[in-house]
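Participant: The structure follows.
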Amino acid sequence: MAAVQWRSRGRNYEAELQRCRPEAALVEFGDYHPLKTIMVTDTKTRRGARKGSTSSSSSSSSSAPPDPLSSMLDGTDPLSMFAAASATETPAMAHSASAGELGRKKWEKEKEEEVVGPDFEPWSLKRGEILARFTTTEKLSINLFMGSDRGKAPSPGSSAVSEKVRTRLEELDDLEEGSQRELLNLSQQDYANRIEELNQSLKEAWASDQKVKALKIVIQCSKLLSDTSVIQFYPSKFVLITDILDTFGRLVYDRIWTMCSDPRPLPDSFTVDDVNDTAKETCLNWFFKIASIRELLPRLYVEAAILKCNRFLNKCGIQETLPRLTAMIRGIGDPLVAAYTRAYLCRVGVEVAPHLKDSLNRNFFDLLGAFRQISSESVQKQLVLQRVEVPEYLTLYSPAISWILQCIAYRAPEPLLTEMMERCKKLGNNALLLNSVMRAFRPEFVAARATDFIGMIKDCDEAGFPKHLLFGSLGRSVACADPPESERLTILNEAWKVVTKVRSPQDYVNCAEIWVEFTCRHFSKREVNTVLADIIKHMTPDRAFEDAYPQLQSVIRKILTYFHDFSVLFSMERFLPFLDMFQKDSVRVEVCRSIMEVFIRHQVEPTRDPVILNAMLHICKTMHDSVNALTLEDEKRSLALLIIGFIRMVCFGRDFEQQLSFCVEARATFCNLESVMVQLIHTVNQLAMETNRVMRGSHSRKTAAFVRACAAYSFITIPSLSSIFSRLSLYLLSGQVALANQCLSQADAFLKAAVSLLPEVPRSISVEGKLRGSESFLLDFINNFLATLLVVPDHPEHGVLYLVRGLLNMIQDYTWEDNSDAKVRVYISTLPLLAAMSQETYLYSIPKVDSNETLYGGDPKFLLEINKLSETLIGQVLDHLKALGRDEQSTRRQGALAFSLFGVLLAHGDLRNNKLSQLAVNLWNLSHKHGHCETRVSVRTLEFIKHQAQQADMSHLSDTVQRLALQSRT
């Protein structure tokens, strides 16, 4: 210890900064760009270039470092590649390519016209809705196929074709000879399970090459569609059974496709000429089998299922078959069964031939003609037997009619809607049909005729289909497209007259939710406020709102979509009372969250509007109060981020006292969310610095008192935080802010509090749910703290370097991890601070704050205290190095610490002192003794010392560098 005599070398920071600055180089900006390392040239201008030359050349010398962006281009940039390609392309090639491109574009255009686009809503999206909507508690029955032993294996010996055909026809006849078993009293779920079993049986039969059995299953399933004994379930039954038909059609098509793909795969755009005779014969055989089915309904369905296979037989096969199948449907007596058969034919037709609109239109017009059967005696008798009312019965047609109309209306011209409206009028404005028309055609077409549709709705018979449902369908269209401006108010008034008279709260809110969007889209807050008042009036009695939270949430979302000015939004008298209807905690919080998300996304300018602030505080408090012990951390984090976003948008301008008052109120309101409290502390510190900027560093009596109040806010709030590292960092940050505002006693209190908190730092902390050692975090904090202490003046009553000594005492007493060098690293980090404190002029300072350089003015007693403390720290480090030397397992740690201390002595110590110079040499040798030191780092360090030795005031390093040698690893 006594042998170490520390003395800091004098530093001229300005001169060192000048020496470290890079040399300036003149650049002609026309040729310079920081990312430009390759110069593009046109190959056509370089006719005399030598063979093998490229069209690009480097704009920098070969010694220039490689550019990471251009290195990804393999030496050639895209512009040069294009230039080279255009130079080598011959006119014939260009002509050929352009012709091929035109042909490809023409083919793609034709294909695009024929194929249904992504704007067409597929059947798969409607399937689930139908199954969920059309349910029953009645018992169902189903006929299960029992199978047959015939046909599983071919008969031995040669058999003629006629024998084979006869055998297969006999197998088909088995269906009518007792090979079925009827299951009764099935629930809806049991029925669905049985249908799924049939679907699996179909796949298994097909996989085991039992094609006749597969056809039997499909025929049997198709027959089930003639059964309307449980009529409410019919739409769902249709969905389940047509799934099997779809599977069968896909299996047959894929089989024939495979037969055509040998040896070369068949292209997607194949023609009949590409199909081989074997495939054609197989395909024709399937159609012959289906034609032999005796009953009309299964024959229709099964042929429709393989409609696409007509492509293998005839160019116009599909075009000829669709009208024939459409006409065959007229033979089905039950109008409901016929409607869904037409829907299935449209489903298949729109997939394989969407351009054949005539068949789709004929299907629909036939369906209109069948509507007269609904009032027939047979249908009415069936409804009486099953106790089904006419309105309920009419809704069963809805999926079929909607699908047929969707297929017809897809990319249809506007006059078709006019024709459909005329058809509806001839049928006496059938409500079900009118509803489907409004939902099928493009919203722009419907919106343009909204007034006409309202007149037709008024003339509808409400007994069959409620008018509010019709207005709901109309509302969907006018919410998406704009009706004529002169008619908008009339449309709203006419619609709302009907909506407000709906007695059922559920029906009312379903319809009101739709028209809210139209109101928000085209009218002001006055009309929206009126709509909200009407909704509150209808939904408050008997707490009906409790069953309508999804619809009420949708209303809020639609309002927020169109109203982004929150001063307008919160000035609606009924908006906050509307929010009060959300009394279920989870829903209430979700609504508040959606409001906050829109506020943060669209509120660009900070606000001080009291209406907005009061409303948003209420909303944020609702979110905050939902937090409890069971709330997940992710949920807390999400809510806190929204509240923080609100706090950041609050600004009272130059009224800093009002801003501080807001932060005081927010602290009391959001005390359970720690990240919000942290943000409030940052906000108050920022407020103090803004005050300092406005006063240009010279505080008046009033502003000085204000920044002290800000410091007091932070000092009171920080202890409430649970995260110890949040407290440490905020104590340090707040102390720095206090120093910048010349609040020395407050700064001293913050820094002392941080030092006092160090013993409480745990050995491990939770980071993103995982336990990690706290040592690295603590070292980072201490280094930041040491950097601040350079400008902190000593307290006149506590002696020299009292904060530094207090920090070191805490470090000495702290319980570090076993086999840890952290304490010694802190000692090594403290040496540069002490060296900086001994300079005549400090590296940095705070305006209007006298640091120790001014207080002590280079007093020898002060420098002596610094040197003594430095010698003590070096002695502690050397003792630790000696202890590490006794353990062979610790040689790597010993070398790393020795090299760190050597670097500090080199940078901050006065090596003209022989003993200090000898210590530096010893540390160098110790760090290289066991070969653990990085050779590259050692070489660069030696080069730096040699470079420093060339300076006039550093010539003494020449002797030192001669004694530093690189030792080879052993």
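If you're wondering about the labels, chains in the structure tokens are A, B, ... by order shown, residues count from 1 in each chain, ligands from 1 in order shown.
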List the spatial neighbours of range 484-491 of chain A as a list in words - criterion: any atom at most 8 Å away, only C-alpha atoms, same-chain residues fewer than 3 positions off excluded.
Facilitator: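 My list of contacting residues is Ala447, Ala448, Ala450, Thr451, Ile454, Glu494, Ala495 and His522 of chain A.
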Participant: May I have the residues within 7 Å of range 801-813 of chain A as a list in words, using only C-alpha atoms and disregarding those fewer than 6 positions away in the same chain?
Facilitator: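 Non-adjacent residues within range: Val755, Leu758, Pro759, Asp794 and Lys823 of chain A.
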Participant: Can you write just those residues out, N, CA and C atoms, as an mmCIF file, in the first residue's frame?
Facilitator:
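Result saved to again-v3.cif:
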```
data_model
loop_
_atom_site.group_PDB
_atom_site.id
_atom_site.type_symbol
_atom_site.label_atom_id
_atom_site.label_comp_id
_atom_site.auth_asym_id
_atom_site.auth_seq_id
_atom_site.Cartn_x
_atom_site.Cartn_y
_atom_site.Cartn_z
ATOM 1 N N VAL A 755 -27.919 6.477 -2.699
ATOM 2 C CA VAL A 755 -26.833 5.749 -2.028
ATOM 3 C C VAL A 755 -27.393 4.898 -0.890
ATOM 4 N N LEU A 758 -28.886 1.480 -1.980
ATOM 5 C CA LEU A 758 -28.048 0.423 -2.561
ATOM 6 C C LEU A 758 -28.040 -0.878 -1.756
ATOM 7 N N PRO A 759 -27.960 -0.841 -0.428
ATOM 8 C CA PRO A 759 -27.949 -2.114 0.317
ATOM 9 C C PRO A 759 -29.209 -2.951 0.127
ATOM 10 N N ASP A 794 -19.424 19.439 -3.004
ATOM 11 C CA ASP A 794 -19.454 18.861 -1.657
ATOM 12 C C ASP A 794 -20.291 19.717 -0.725
ATOM 13 N N LYS A 823 -17.231 -5.686 -6.985
ATOM 14 C CA LYS A 823 -16.783 -4.630 -6.070
ATOM 15 C C LYS A 823 -15.481 -4.009 -6.554
#
```
Participant: Set the distance at 8 Å and use only C-alpha atoms: which residues neighbour range 557-571 of chain A once local chain neighbours fewer than 4 positions away are removed? I'd like the list as a PyMOL selection string.
Facilitator: chain A and resi 516-517+520-521+525+553+575-576+594-595+598-599+602-603+609+611-612+615
Participant: If we count only C-alpha atoms, what is near Gly885 in chain A at a cut-off of 12 Å, once residues fewer than 6 positions away on the same chain are taken out, given as a PyMOL selection string?
Facilitator: chain A and resi 878-879+891-895+897-898+926-927+929-930
Participant: Restricting the output to C-alpha atoms, write the selected residues as a short mmCIF file (atom, residue, chain, number, x, y, z; two decimals), in the first residue's frame.
Facilitator:
```
data_model
loop_
_atom_site.label_atom_id
_atom_site.label_comp_id
_atom_site.auth_asym_id
_atom_site.auth_seq_id
_atom_site.Cartn_x
_atom_site.Cartn_y
_atom_site.Cartn_z
CA LEU A 878 -4.01 -5.19 -5.74
CA ASP A 879 -5.00 -7.22 -2.69
CA THR A 891 -6.19 -16.68 -13.60
CA ARG A 892 -8.48 -15.44 -16.39
CA ARG A 893 -10.33 -13.11 -13.99
CA GLN A 894 -6.99 -11.93 -12.59
CA GLY A 895 -5.68 -11.09 -16.07
CA LEU A 897 -8.83 -7.08 -13.85
CA ALA A 898 -5.10 -6.39 -14.13
CA LEU A 926 0.38 -9.97 -14.90
CA SER A 927 -2.40 -9.62 -17.46
CA LYS A 929 1.21 -14.01 -17.68
CA HIS A 930 -1.22 -16.83 -18.39
#
```
Participant: Which residue, A:Thr717, A:Ser745, A:Ser524, A:Thr136, has the smallest gap to Gln679 in chain A when you use only C-alpha atoms?
Facilitator: A:Thr717
Participant: Mind checking which residues fall within 9 Å of Asn692 in chain A, counting only C-alpha atoms, ignoring those fewer than 5 positions away in the same chain, and posting them as a ChimeraX atom specification?
Facilitator: /A:687,697-699,703,707,740-741
Participant: Could those residues be written to a file, using C-alpha atoms, as an mmCIF file, in the first residue's frame?
Facilitator:
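Output saved as part_15.cif:
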```
data_model
loop_
_atom_site.group_PDB
_atom_site.id
_atom_site.type_symbol
_atom_site.label_atom_id
_atom_site.label_comp_id
_atom_site.auth_asym_id
_atom_site.auth_seq_id
_atom_site.Cartn_x
_atom_site.Cartn_y
_atom_site.Cartn_z
ATOM 1 C CA LEU A 687 -41.829 20.266 -16.551
ATOM 2 C CA GLY A 697 -31.353 29.122 -16.599
ATOM 3 C CA SER A 698 -31.968 32.210 -14.428
ATOM 4 C CA HIS A 699 -34.858 31.444 -12.109
ATOM 5 C CA THR A 703 -39.973 29.769 -10.703
ATOM 6 C CA VAL A 707 -38.968 23.760 -9.576
ATOM 7 C CA ALA A 740 -29.721 21.715 -13.567
ATOM 8 C CA ASN A 741 -32.211 24.008 -11.782
#
```
Participant: I'd like the neighbourhood of Thr242 in chain A as a PyMOL selection string, where a residue qualifies if any of its atoms comes within 9 Å (using only C-alpha atoms), though same-chain residues fewer than 2 positions away should be ignored.
Facilitator: chain A and resi 221-222+237-240+244-247+301+305+344
Participant: As a PyMOL selection string, please: the residues near range 899-909 of chain A (cut-off 8 Å, only C-alpha atoms, same-chain neighbours under 6 positions excluded).
Facilitator: chain A and resi 6-9+828+831-832+835+916+920+923-924+927
Participant: Calculate how many Å separate CA of Ile290 in chain A from CA of Ser226 in chain A, rounding to one decimal.
Facilitator: 17.7 Å
Participant: Just asking: which residues within range 668-909 of chain A are helix (DSSP H, G or I) according to DSSP, as a PyMOL selection string?
Facilitator: chain A and resi 668-669+674-694+701-720+724-740+744-760+775-789+802-813+822-837+852-856+860-885+888-908
Participant: Considering only strand (DSSP E or B) as DSSP defines it on the backbone, what residues of range 640-872 of chain A qualify? List them as an MDAnalysis selection string.
Facilitator: chainID A and resid 650 764:767 770:773
Participant: Let's have the selection written as a PDB file, in the first residue's frame, with C-alpha atoms.
Facilitator:
```pdb
ATOM      1  CA  VAL A 650     -52.060  16.738 -21.685  1.00  0.00           C
ATOM      2  CA  SER A 764     -31.539 -11.371  -8.376  1.00  0.00           C
ATOM      3  CA  ILE A 765     -34.435  -9.575 -10.069  1.00  0.00           C
ATOM      4  CA  SER A 766     -37.258 -10.608 -12.385  1.00  0.00           C
ATOM      5  CA  VAL A 767     -36.785  -9.524 -15.997  1.00  0.00           C
ATOM      6  CA  LYS A 770     -37.274 -14.703 -15.601  1.00  0.00           C
ATOM      7  CA  LEU A 771     -34.923 -14.385 -12.643  1.00  0.00           C
ATOM      8  CA  ARG A 772     -31.620 -12.767 -13.546  1.00  0.00           C
ATOM      9  CA  GLY A 773     -28.675 -11.645 -11.475  1.00  0.00           C
TER      10      GLY A 773
END
```
Participant: Could you check how far CA of Ser554 in chain A sits from CA of Pro505 in chain A, in Å to one decimal?
Facilitator: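 Between CA of Ser554 in chain A and CA of Pro505 in chain A the gap is 15.7 Å.
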Participant: Which is closest to Phe646 in chain A among A:Asn614, A:Ser726, A:Asn314, A:Gln948, if we use only C-alpha atoms?
Facilitator: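 Going through A:Asn614, A:Ser726, A:Asn314, A:Gln948 one by one, the smallest distance to Phe646 in chain A is for A:Asn614.
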Participant: Hey, which of A:Glu605, A:Glu295, A:Asp507, A:Glu197 ends up closest to Phe652 in chain A? Count only C-alpha atoms.
Facilitator: A:Glu605
Participant: With distances taken over only C-alpha atoms, which of A:Val302, A:Val678, A:Ile401, A:Ala640 is nearest to Ala339 in chain A?
Facilitator: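 When distances to Ala339 in chain A are compared using only C-alpha atoms, the smallest one comes from A:Ile401.
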Participant: Here is a test: counting only C-alpha atoms, which residue of A:Arg574, A:Val446, A:Ser958, A:Gln951 is nearest to Arg912 in chain A?
Facilitator: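 The answer is A:Ser958, which sits nearest to Arg912 in chain A.
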Participant: Pick the closest to His624 in chain A from A:Leu225, A:Ile219, A:Ala666, A:Ile600: which is it, counting only C-alpha atoms?
Facilitator: A:Ala666
